[in-house]
$ cat work.cif   # mmCIF, C-alpha atoms
data_target
loop_
_atom_site.label_atom_id
_atom_site.label_comp_id
_atom_site.auth_asym_id
_atom_site.auth_seq_id
_atom_site.Cartn_x
_atom_site.Cartn_y
_atom_site.Cartn_z
CA ILE A 1 -15.61 -8.26 -0.96
CA THR A 2 -17.36 -4.97 -0.26
CA VAL A 3 -16.32 -1.63 -1.81
CA SER A 4 -17.13 1.99 -0.93
CA GLN A 5 -15.85 5.26 -2.39
CA ASN A 6 -15.46 8.70 -0.86
CA PRO A 7 -14.71 11.19 -3.67
CA VAL A 8 -12.90 14.42 -2.79
CA SER A 9 -15.29 17.31 -3.36
CA SER A 10 -14.29 20.55 -5.07
CA ASN A 11 -14.23 22.48 -1.77
CA GLU A 12 -11.97 19.96 -0.05
CA ASN A 13 -8.19 19.89 -0.25
CA PRO A 14 -6.85 16.99 1.82
CA GLY A 15 -3.09 16.96 2.08
CA TRP A 16 -2.64 13.70 0.21
CA VAL A 17 -4.03 15.16 -3.04
CA SER A 18 -0.94 17.36 -3.45
CA GLN A 19 1.56 14.70 -2.29
CA ASN A 20 3.79 12.81 -4.71
CA PHE A 21 3.27 9.10 -4.14
CA ALA A 22 6.42 6.96 -4.29
CA HIS A 23 6.35 3.72 -6.25
CA ASN A 24 6.91 0.28 -4.74
CA THR A 25 7.97 -2.25 -7.36
CA LEU A 26 6.51 -5.75 -7.60
CA GLY A 27 9.02 -8.45 -8.53
CA MET A 28 7.30 -11.71 -9.46
CA THR A 29 9.37 -14.84 -9.96
CA PHE A 30 8.05 -17.94 -11.70
CA THR A 31 10.03 -20.74 -10.12
CA ALA A 32 10.04 -24.32 -8.81
CA THR A 33 11.92 -26.44 -6.31
CA TRP A 34 12.89 -28.86 -9.11
CA CYS A 35 14.34 -26.00 -11.20
CA GLY A 36 18.14 -26.08 -10.94
CA TYR A 37 18.53 -22.71 -12.62
CA CYS A 38 16.04 -20.92 -10.34
CA PRO A 39 18.34 -20.05 -7.42
CA SER A 40 20.10 -17.36 -9.48
CA MET A 41 16.86 -15.45 -10.14
CA SER A 42 15.84 -15.78 -6.50
CA GLU A 43 19.18 -14.44 -5.29
CA ALA A 44 19.06 -11.57 -7.79
CA MET A 45 15.58 -10.50 -6.67
CA LYS A 46 16.68 -10.53 -3.02
CA LEU A 47 19.87 -8.66 -3.87
CA SER A 48 17.98 -5.93 -5.73
CA LYS A 49 15.56 -5.59 -2.81
CA SER A 50 18.40 -5.35 -0.28
CA ARG A 51 19.97 -2.53 -2.27
CA ASN A 52 16.84 -0.59 -3.12
CA GLY A 53 14.30 -1.44 -0.43
CA ASN A 54 11.18 -0.47 -2.35
CA ILE A 55 10.67 -3.87 -4.01
CA GLU A 56 8.00 -6.35 -2.92
CA LEU A 57 8.63 -9.97 -3.93
CA MET A 58 6.22 -12.77 -4.83
CA ASN A 59 7.33 -16.26 -5.87
CA ILE A 60 4.88 -18.39 -7.86
CA HIS A 61 5.78 -22.07 -7.98
CA ALA A 62 5.14 -24.17 -11.07
CA PRO A 63 3.43 -27.58 -11.27
CA GLY A 64 5.52 -30.35 -9.78
CA SER A 65 7.22 -28.07 -7.29
CA GLU A 66 7.02 -28.95 -3.60
CA LEU A 67 5.50 -25.46 -3.19
CA GLU A 68 3.24 -25.59 -6.27
CA TYR A 69 0.59 -22.90 -6.60
CA GLN A 70 -2.51 -24.68 -7.82
CA ASP A 71 -3.63 -21.89 -10.16
CA TYR A 72 -0.15 -21.22 -11.56
CA HIS A 73 -1.52 -21.33 -15.12
CA ILE A 74 -3.58 -18.17 -14.61
CA PHE A 75 -0.42 -16.15 -13.98
CA SER A 76 1.76 -18.00 -16.48
CA ASN A 77 -0.80 -17.46 -19.25
CA GLN A 78 -1.12 -13.76 -18.40
CA TYR A 79 2.63 -13.20 -18.61
CA PHE A 80 3.49 -15.71 -21.38
CA ILE A 81 5.74 -17.79 -19.15
CA ASN A 82 7.40 -20.58 -21.11
CA GLY A 83 9.87 -21.76 -18.51
CA THR A 84 11.40 -21.20 -15.10
CA PRO A 85 12.92 -19.11 -13.77
CA THR A 86 11.36 -15.98 -15.26
CA GLY A 87 11.02 -12.63 -13.55
CA ILE A 88 8.28 -10.08 -14.20
CA ILE A 89 8.76 -6.52 -12.93
CA ASP A 90 5.67 -4.38 -12.30
CA GLY A 91 3.62 -6.55 -14.65
CA ARG A 92 5.35 -4.99 -17.64
CA ILE A 93 9.00 -6.07 -18.05
CA MET A 94 10.25 -9.65 -18.37
CA ILE A 95 13.60 -10.62 -16.83
CA LYS A 96 15.19 -13.68 -18.41
CA ASN A 97 17.60 -15.79 -16.44
CA THR A 98 21.39 -15.89 -16.57
CA ASN A 99 23.90 -17.40 -14.15
CA ASP A 100 25.25 -13.92 -13.39
CA VAL A 101 23.42 -12.82 -10.24
CA GLU A 102 24.92 -9.31 -10.31
CA ALA A 103 23.77 -8.76 -13.91
CA LEU A 104 20.29 -10.05 -13.06
CA ALA A 105 20.02 -7.79 -10.01
CA GLU A 106 21.07 -4.81 -12.13
CA ALA A 107 18.43 -5.65 -14.75
CA ILE A 108 15.76 -5.92 -12.06
CA THR A 109 16.76 -2.58 -10.56
CA GLU A 110 16.80 -0.88 -13.96
CA ALA A 111 13.33 -2.23 -14.72
CA ALA A 112 12.04 -0.90 -11.38
CA TYR A 113 13.51 2.53 -12.07
CA ASP A 114 12.01 2.48 -15.57
CA THR A 115 8.48 2.28 -14.13
CA GLU A 116 9.21 5.17 -11.77
CA LYS A 117 10.70 7.23 -14.58
CA ARG A 118 7.92 6.67 -17.11
CA PHE A 119 4.78 6.73 -14.99
CA VAL A 120 3.42 8.91 -12.18
CA THR A 121 2.31 6.81 -9.23
CA GLN A 122 -1.41 7.36 -8.70
CA SER A 123 -2.19 5.32 -5.59
CA ALA A 124 -1.27 4.99 -1.93
CA ILE A 125 -2.14 1.84 0.01
CA SER A 126 -3.05 1.06 3.60
CA PHE A 127 -4.57 -2.08 5.07
CA ARG A 128 -5.61 -3.29 8.50
CA PRO A 129 -6.00 -7.05 9.04
CA GLU A 130 -7.89 -8.67 11.91
CA LEU A 131 -7.39 -12.34 12.68
CA ASN A 132 -10.08 -14.20 14.62
CA GLY A 133 -9.10 -17.84 14.92
CA ASN A 134 -8.42 -18.85 11.33
CA LEU A 135 -10.71 -16.17 9.83
CA LEU A 136 -8.81 -13.21 8.38
CA ASN A 137 -10.63 -9.92 7.73
CA ILE A 138 -8.78 -7.16 5.87
CA GLU A 139 -9.84 -3.53 5.56
CA VAL A 140 -8.03 -1.82 2.69
CA LEU A 141 -7.97 1.89 1.95
CA LEU A 142 -6.66 3.29 -1.33
CA ARG A 143 -6.05 6.94 -2.05
CA ILE A 144 -6.09 7.51 -5.79
CA LYS A 145 -5.48 10.80 -7.56
CA ASN A 146 -6.30 10.08 -11.17
CA PRO A 147 -9.66 8.99 -12.65
CA GLY A 148 -9.74 5.75 -14.58
CA PRO A 149 -9.94 1.97 -14.34
CA TYR A 150 -7.91 0.13 -11.71
CA LYS A 151 -7.63 -3.34 -10.21
CA LEU A 152 -6.80 -4.38 -6.65
CA ALA A 153 -5.18 -7.76 -6.05
CA MET A 154 -4.78 -9.22 -2.57
CA TYR A 155 -2.45 -12.17 -1.98
CA LEU A 156 -1.38 -14.29 0.98
CA LEU A 157 2.34 -15.07 1.09
CA GLN A 158 4.29 -17.42 3.34
CA ASP A 159 7.90 -17.09 4.52
CA ASN A 160 10.29 -19.50 6.22
CA ILE A 161 9.23 -22.66 4.41
CA ASN A 162 11.81 -25.44 4.50
CA ALA A 163 11.80 -27.34 1.20
CA ASN A 164 14.26 -29.01 -1.13
CA GLN A 165 15.84 -26.94 -3.92
CA THR A 166 17.70 -28.27 -6.93
CA ASN A 167 20.74 -26.11 -7.74
CA TYR A 168 22.73 -26.73 -10.91
CA TYR A 169 25.25 -24.01 -10.04
CA THR A 170 26.48 -25.63 -6.84
CA GLY A 171 25.60 -29.18 -7.79
CA VAL A 172 24.12 -29.63 -4.33
CA ASN A 173 20.43 -30.31 -3.76
CA GLN A 174 19.41 -29.44 -0.23
CA ASN A 175 16.65 -28.13 1.98
CA ILE A 176 16.66 -24.34 2.09
CA VAL A 177 14.36 -21.64 3.47
CA HIS A 178 11.92 -20.30 0.89
CA ASP A 179 10.29 -16.88 1.36
CA ASN A 180 7.62 -14.79 -0.40
CA ILE A 181 5.72 -17.89 -1.56
CA LEU A 182 2.27 -17.28 -3.02
CA ILE A 183 -0.13 -19.64 -1.26
CA LYS A 184 -3.52 -17.98 -1.81
CA SER A 185 -5.23 -15.30 -3.86
CA ILE A 186 -7.63 -13.45 -1.57
CA SER A 187 -9.04 -11.42 -4.46
CA GLU A 188 -9.45 -12.55 -8.05
CA HIS A 189 -6.04 -13.81 -9.17
CA LEU A 190 -5.32 -10.87 -11.48
CA GLY A 191 -7.18 -8.31 -9.38
CA ASP A 192 -10.70 -7.04 -8.72
CA PRO A 193 -11.60 -4.22 -11.16
CA PHE A 194 -12.95 -0.85 -10.04
CA THR A 195 -13.21 2.64 -11.55
CA ILE A 196 -12.34 6.03 -10.07
CA ASN A 197 -14.15 9.12 -11.40
CA SER A 198 -12.25 11.73 -9.38
CA ASP A 199 -9.65 11.99 -6.58
CA SER A 200 -11.03 9.47 -4.15
CA GLU A 201 -10.57 7.38 -1.04
CA THR A 202 -11.80 3.87 -1.83
CA SER A 203 -12.29 1.20 0.83
CA PHE A 204 -12.40 -2.55 0.37
CA SER A 205 -13.26 -5.32 2.80
CA TYR A 206 -11.95 -8.84 2.26
CA MET A 207 -12.44 -12.04 4.21
CA THR A 208 -10.55 -15.32 3.84
CA VAL A 209 -9.88 -18.49 5.82
CA ILE A 210 -6.33 -19.45 6.80
CA PRO A 211 -5.69 -23.19 7.05
CA GLU A 212 -5.26 -24.16 10.69
CA ASP A 213 -1.85 -25.78 10.14
CA MET A 214 -0.26 -22.60 8.76
CA PRO A 215 2.04 -20.67 11.13
CA VAL A 216 0.50 -17.20 11.35
CA ASN A 217 3.81 -15.50 12.14
CA ASN A 218 5.15 -16.59 8.75
CA LEU A 219 2.24 -15.17 6.75
CA ARG A 220 2.08 -11.81 4.99
CA ILE A 221 -0.52 -9.93 2.99
CA LEU A 222 0.47 -8.40 -0.34
CA ALA A 223 -1.75 -5.68 -1.82
CA VAL A 224 -1.18 -4.69 -5.46
CA VAL A 225 -2.84 -1.83 -7.35
CA PHE A 226 -2.88 -2.15 -11.13
CA THR A 227 -3.73 0.73 -13.46
CA GLU A 228 -4.03 1.10 -17.21
CA PHE A 229 -1.13 2.40 -19.27
CA PRO A 230 -1.74 6.16 -19.78
CA ASN A 231 -3.03 6.77 -23.30
CA GLY A 232 -2.28 3.14 -24.06
CA ASP A 233 1.45 3.91 -24.05
CA ARG A 234 3.32 0.64 -23.45
CA SER A 235 6.77 2.12 -24.09
CA SER A 236 9.49 -0.41 -23.22
CA SER A 237 6.80 -2.79 -21.91
CA GLU A 238 5.92 -6.31 -22.95
CA ASN A 239 2.45 -6.93 -24.35
CA PHE A 240 0.94 -8.39 -21.19
CA GLY A 241 -2.32 -6.45 -21.52
CA ASN A 242 -3.59 -3.01 -20.60
CA TYR A 243 -2.54 -2.94 -16.95
CA TYR A 244 0.73 -2.57 -15.04
CA VAL A 245 1.57 -2.30 -11.33
CA ASP A 246 1.02 1.23 -10.05
CA ASN A 247 1.92 0.37 -6.45
CA CYS A 248 2.12 -2.47 -3.93
CA LEU A 249 2.62 -3.11 -0.22
CA SER A 250 3.08 -6.14 2.02
CA GLY A 251 2.65 -6.56 5.75
CA ALA A 252 2.03 -9.12 8.50
CA VAL A 253 -1.44 -10.58 8.97
CA ASN A 254 -1.76 -9.07 12.45
CA ILE A 255 -0.32 -5.56 11.94
CA THR A 256 -1.72 -2.45 10.26
CA SER A 257 0.47 -1.59 7.29
CA SER A 258 0.80 1.53 5.17
CA THR A 259 3.33 3.26 3.02
CA GLU A 260 6.18 4.79 4.98
CA ILE A 261 6.27 8.37 6.21
CA GLY A 262 8.03 10.35 3.54
CA GLY A 263 7.25 7.65 1.03
CA ASN A 264 3.88 7.34 -0.67
CA GLU A 265 2.24 9.17 2.21
CA VAL A 266 3.14 11.64 4.94
CA LEU A 267 0.55 10.06 7.22
CA THR A 268 0.76 7.30 9.81
CA PRO A 269 -1.30 4.10 9.54
CA GLY A 270 -3.70 5.41 12.15
CA ASP A 271 -4.32 8.51 10.07
CA ILE A 272 -5.10 6.50 6.96
CA ILE A 273 -7.51 3.88 8.24
CA LYS A 274 -10.24 5.14 10.53
#

$ encode --input "work.cif" --output "structure tokens"
Amino acid sequence: ITVSQNPVSSNENPGWVSQNFAHNTLGMTFTATWCGYCPSMSEAMKLSKSRNGNIELMNIHAPGSELEYQDYHIFSNQYFINGTPTGIIDGRIMIKNTNDVEALAEAITEAAYDTEKRFVTQSAISFRPELNGNLLNIEVLLRIKNPGPYKLAMYLLQDNINANQTNYYTGVNQNIVHDNILIKSISEHLGDPFTINSDSETSFSYMTVIPEDMPVNNLRILAVVFTEFPNGDRSSSENFGNYYVDNCLSGAVNITSSTEIGGNEVLTPGDIIK
């Protein structure tokens, strides 16, 4: 990883400094293919996303799952996960499972809105991947408006994986399509720390190797910016530490991605990454 910063000087006034950045929620689900109760949480996360749009999903599979993430314990220890399924919204609110998908989806949506209501979004995200063979290079640009400590986490997700799923609700165990599966942490698992001293454009360069047997068209990059709770205020938040999700964005491994026009930014991807 390489990092460079371009602080905004006092005589500059780029348009993004005065823009309100919209918040994209991160919905993490701790799950497993052997977990018969997990389909309800999965369906609720997808339902909330379909209704609200601004939710990025990441599924982390527990030991023994056909889709096990080998460093599952790093995330489960961070978020005090004692069983599956468990949802974590924006790194700050835990969603416990029920068999009522509608109630779960409502709880997820309320948690997402709570982050937007309580905290001002400080960052906008853009990234440009370049795939050469199985070598993936990613240029990331963050625009951040508030000084302080941050972390950037970069993940590789896979969609369209056919694998068995136990389902206690239907009583039928069958192969289904699994999406948003965490398969690799490109950064440190819980994010690479950095500090902003003033309004700044900060660039990061990452490089990772994609296994040759992975279908590139099913892979996505997920970028997550974490920031510290303002003034240490963890109102309505679990005690998962000092950081929560300020913003996040996912996109294909062969397409430049940025926040939508009228969303976090009023610029196009080409405007953001030079």

$ resolve_selection --input "work.cif" --expression "the PyMOL selection byres ((chain A and resi 29-36) around 6)" --output "list in words"
Met28, Tyr37, Cys38, Asn59, Ile60, His61, Ala62, Ser65, Thr84, Pro85, Thr86, Gly87, Gln165, Thr166, Asn167 and Tyr168 of chain A

$ closest_atom_pairs --input "work.cif" --of "region 206-252 of chain A" --to "region 134-158 of chain A" --cutoff "8 Å" --atoms "all atoms listed in the file" --output "Markdown table"
| residue | atom | partner | partner_atom | distance |
| --- | --- | --- | --- | --- |
| A:Tyr206 | CA | A:Ile138 | CA | 5.1 |
| A:Met207 | CA | A:Asn137 | CA | 4.5 |
| A:Thr208 | CA | A:Leu136 | CA | 5.3 |
| A:Val209 | CA | A:Leu135 | CA | 4.7 |
| A:Ile210 | CA | A:Asn134 | CA | 5.0 |
| A:Pro211 | CA | A:Asn134 | CA | 6.7 |
| A:Glu212 | CA | A:Asn134 | CA | 6.2 |
| A:Asn218 | CA | A:Gln158 | CA | 5.5 |
| A:Leu219 | CA | A:Gln158 | CA | 4.6 |
| A:Arg220 | CA | A:Leu157 | CA | 5.1 |
| A:Ile221 | CA | A:Leu156 | CA | 4.9 |
| A:Leu222 | CA | A:Tyr155 | CA | 5.0 |
| A:Ala223 | CA | A:Met154 | CA | 4.7 |
| A:Val224 | CA | A:Ala153 | CA | 5.1 |
| A:Val225 | CA | A:Leu152 | CA | 4.8 |
| A:Phe226 | CA | A:Lys151 | CA | 5.0 |
| A:Thr227 | CA | A:Tyr150 | CA | 4.6 |
| A:Glu228 | CA | A:Pro149 | CA | 6.6 |

$ atom_distance --input "work.cif" --atom1 "CA of Ile176 (chain A)" --atom2 "CA of Ser50 (chain A)"
19.2 Å

$ closest_atom_pairs --input "work.cif" --of "region 68-91 of chain A" --to "region 238-249 of chain A" --cutoff "12 Å" --atoms "only C-alpha atoms" --output "Markdown table"
| residue | atom | partner | partner_atom | distance |
| --- | --- | --- | --- | --- |
| A:Phe75 | CA | A:Phe240 | CA | 10.7 |
| A:Ser76 | CA | A:Phe240 | CA | 10.7 |
| A:Asn77 | CA | A:Phe240 | CA | 9.4 |
| A:Gln78 | CA | A:Phe240 | CA | 6.4 |
| A:Tyr79 | CA | A:Phe240 | CA | 5.7 |
| A:Phe80 | CA | A:Phe240 | CA | 7.8 |
| A:Ile81 | CA | A:Phe240 | CA | 10.7 |
| A:Ile88 | CA | A:Glu238 | CA | 9.8 |
| A:Ile89 | CA | A:Val245 | CA | 8.5 |
| A:Asp90 | CA | A:Val245 | CA | 4.7 |
| A:Gly91 | CA | A:Tyr244 | CA | 4.9 |

$ closest_residue --input "work.cif" --among "A:Lys184, A:Asn197, A:Asp233, A:Ser42" --to "Gln70 (chain A)" --atoms "all atoms listed in the file"
A:Lys184

$ residues_around --input "work.cif" --residues "Glu56 (chain A)" --least-positions-apart "4" --cutoff "8 Å" --atoms "all atoms listed in the file" --output "PyMOL selection string"
chain A and resi 24-27+49+248-250

$ atom_distance --input "work.cif" --atom1 "CA of Val17 (chain A)" --atom2 "CA of Ser126 (chain A)"
15.6 Å

$ atom_distance --input "work.cif" --atom1 "CA of Glu188 (chain A)" --atom2 "CA of Glu66 (chain A)"
23.7 Å

$ closest_residue --input "work.cif" --among "A:Thr98, A:Gln122, A:Ala163, A:Thr109" --to "Ser198 (chain A)" --atoms "all atoms listed in the file"
A:Gln122

$ residues_around --input "work.cif" --residues "Met45 (chain A)" --least-positions-apart "6" --cutoff "8 Å" --atoms "all atoms listed in the file" --output "PyMOL selection string"
chain A and resi 27+57+104-105+108

$ closest_residue --input "work.cif" --among "A:Ile196, A:Ser237, A:Leu67, A:Thr115" --to "His178 (chain A)" --atoms "all atoms listed in the file"
A:Leu67

$ closest_residue --input "work.cif" --among "A:Ser4, A:Pro39, A:Leu190, A:Arg234" --to "Val172 (chain A)" --atoms "only C-alpha atoms"
A:Pro39

$ closest_residue --input "work.cif" --among "A:Glu201, A:Glu106, A:Asp179, A:Asp159" --to "Ile125 (chain A)" --atoms "only C-alpha atoms"
A:Glu201

$ resolve_selection --input "work.cif" --expression "the PyMOL selection byres ((chain A and resi 257) around 6)" --output "ChimeraX atom specification"
/A:126-127,251,256,258

$ axis_aligned_box --input "work.cif" --around "region 187-201 of chain A" --padding-each-side "5 Å" --output "JSON"
{"center_x": -9.7, "center_y": -0.9, "center_z": -6.3, "size_x": 18.8, "size_y": 35.8, "size_z": 20.5}

$ closest_residue --input "work.cif" --among "A:Leu182, A:Ala111, A:Asn162, A:Asp199" --to "Ser18 (chain A)" --atoms "all atoms listed in the file"
A:Asp199

$ build_atoms --input "work.cif" --residues "region 214-225 of chain A" --atoms "all heavy atoms" --output "mmCIF file, in the coordinates of the input"
data_model
loop_
_atom_site.group_PDB
_atom_site.id
_atom_site.type_symbol
_atom_site.label_atom_id
_atom_site.label_comp_id
_atom_site.auth_asym_id
_atom_site.auth_seq_id
_atom_site.Cartn_x
_atom_site.Cartn_y
_atom_site.Cartn_z
ATOM 1 N N MET A 214 -1.223 -23.600 9.227
ATOM 2 C CA MET A 214 -0.260 -22.600 8.760
ATOM 3 C C MET A 214 0.207 -21.724 9.912
ATOM 4 O O MET A 214 -0.607 -21.199 10.673
ATOM 5 C CB MET A 214 -0.870 -21.726 7.668
ATOM 6 C CG MET A 214 -0.968 -22.393 6.332
ATOM 7 S SD MET A 214 -1.362 -21.253 5.011
ATOM 8 C CE MET A 214 -1.279 -22.358 3.604
ATOM 9 N N PRO A 215 1.524 -21.526 10.056
ATOM 10 C CA PRO A 215 2.040 -20.670 11.130
ATOM 11 C C PRO A 215 1.766 -19.197 10.825
ATOM 12 O O PRO A 215 2.316 -18.638 9.879
ATOM 13 C CB PRO A 215 3.541 -20.971 11.136
ATOM 14 C CG PRO A 215 3.835 -21.459 9.750
ATOM 15 C CD PRO A 215 2.595 -22.142 9.266
ATOM 16 N N VAL A 216 0.942 -18.573 11.625
ATOM 17 C CA VAL A 216 0.500 -17.200 11.350
ATOM 18 C C VAL A 216 1.670 -16.229 11.281
ATOM 19 O O VAL A 216 1.680 -15.308 10.464
ATOM 20 C CB VAL A 216 -0.508 -16.756 12.438
ATOM 21 C CG1 VAL A 216 -0.830 -15.271 12.290
ATOM 22 C CG2 VAL A 216 -1.777 -17.583 12.338
ATOM 23 N N ASN A 217 2.684 -16.439 12.106
ATOM 24 C CA ASN A 217 3.810 -15.500 12.140
ATOM 25 C C ASN A 217 4.624 -15.505 10.850
ATOM 26 O O ASN A 217 5.441 -14.603 10.632
ATOM 27 C CB ASN A 217 4.728 -15.814 13.327
ATOM 28 C CG ASN A 217 4.083 -15.492 14.661
ATOM 29 O OD1 ASN A 217 3.154 -14.690 14.729
ATOM 30 N ND2 ASN A 217 4.561 -16.116 15.716
ATOM 31 N N ASN A 218 4.429 -16.516 10.010
ATOM 32 C CA ASN A 218 5.150 -16.590 8.750
ATOM 33 C C ASN A 218 4.330 -16.103 7.559
ATOM 34 O O ASN A 218 4.783 -16.195 6.421
ATOM 35 C CB ASN A 218 5.602 -18.031 8.475
ATOM 36 C CG ASN A 218 6.656 -18.508 9.461
ATOM 37 O OD1 ASN A 218 7.275 -17.709 10.154
ATOM 38 N ND2 ASN A 218 6.847 -19.805 9.525
ATOM 39 N N LEU A 219 3.135 -15.593 7.824
ATOM 40 C CA LEU A 219 2.240 -15.170 6.750
ATOM 41 C C LEU A 219 2.274 -13.657 6.569
ATOM 42 O O LEU A 219 2.393 -12.901 7.533
ATOM 43 C CB LEU A 219 0.809 -15.618 7.043
ATOM 44 C CG LEU A 219 0.577 -17.127 7.179
ATOM 45 C CD1 LEU A 219 -0.887 -17.400 7.478
ATOM 46 C CD2 LEU A 219 1.015 -17.859 5.918
ATOM 47 N N ARG A 220 2.164 -13.232 5.308
ATOM 48 C CA ARG A 220 2.080 -11.810 4.990
ATOM 49 C C ARG A 220 1.001 -11.575 3.940
ATOM 50 O O ARG A 220 0.706 -12.439 3.119
ATOM 51 C CB ARG A 220 3.416 -11.281 4.443
ATOM 52 C CG ARG A 220 4.482 -11.099 5.505
ATOM 53 C CD ARG A 220 5.749 -10.459 4.942
ATOM 54 N NE ARG A 220 6.385 -11.318 3.962
ATOM 55 C CZ ARG A 220 6.528 -11.028 2.679
ATOM 56 N NH1 ARG A 220 6.058 -9.883 2.200
ATOM 57 N NH2 ARG A 220 7.141 -11.869 1.856
ATOM 58 N N ILE A 221 0.446 -10.381 3.991
ATOM 59 C CA ILE A 221 -0.520 -9.930 2.990
ATOM 60 C C ILE A 221 0.207 -9.048 1.989
ATOM 61 O O ILE A 221 1.007 -8.192 2.372
ATOM 62 C CB ILE A 221 -1.655 -9.133 3.658
ATOM 63 C CG1 ILE A 221 -2.418 -10.008 4.662
ATOM 64 C CG2 ILE A 221 -2.610 -8.541 2.613
ATOM 65 C CD1 ILE A 221 -3.230 -9.204 5.653
ATOM 66 N N LEU A 222 -0.068 -9.252 0.716
ATOM 67 C CA LEU A 222 0.470 -8.400 -0.340
ATOM 68 C C LEU A 222 -0.689 -7.764 -1.080
ATOM 69 O O LEU A 222 -1.546 -8.460 -1.629
ATOM 70 C CB LEU A 222 1.337 -9.206 -1.304
ATOM 71 C CG LEU A 222 1.844 -8.456 -2.554
ATOM 72 C CD1 LEU A 222 2.796 -7.326 -2.170
ATOM 73 C CD2 LEU A 222 2.529 -9.425 -3.515
ATOM 74 N N ALA A 223 -0.738 -6.438 -1.082
ATOM 75 C CA ALA A 223 -1.750 -5.680 -1.820
ATOM 76 C C ALA A 223 -1.096 -5.051 -3.046
ATOM 77 O O ALA A 223 -0.027 -4.436 -2.937
ATOM 78 C CB ALA A 223 -2.361 -4.594 -0.940
ATOM 79 N N VAL A 224 -1.734 -5.207 -4.208
ATOM 80 C CA VAL A 224 -1.180 -4.690 -5.460
ATOM 81 C C VAL A 224 -2.261 -3.900 -6.191
ATOM 82 O O VAL A 224 -3.369 -4.406 -6.419
ATOM 83 C CB VAL A 224 -0.682 -5.829 -6.380
ATOM 84 C CG1 VAL A 224 -0.044 -5.245 -7.645
ATOM 85 C CG2 VAL A 224 0.294 -6.732 -5.642
ATOM 86 N N VAL A 225 -1.929 -2.667 -6.554
ATOM 87 C CA VAL A 225 -2.840 -1.830 -7.350
ATOM 88 C C VAL A 225 -2.331 -1.801 -8.782
ATOM 89 O O VAL A 225 -1.184 -1.419 -9.039
ATOM 90 C CB VAL A 225 -2.924 -0.403 -6.786
ATOM 91 C CG1 VAL A 225 -3.812 0.472 -7.684
ATOM 92 C CG2 VAL A 225 -3.470 -0.422 -5.362
#
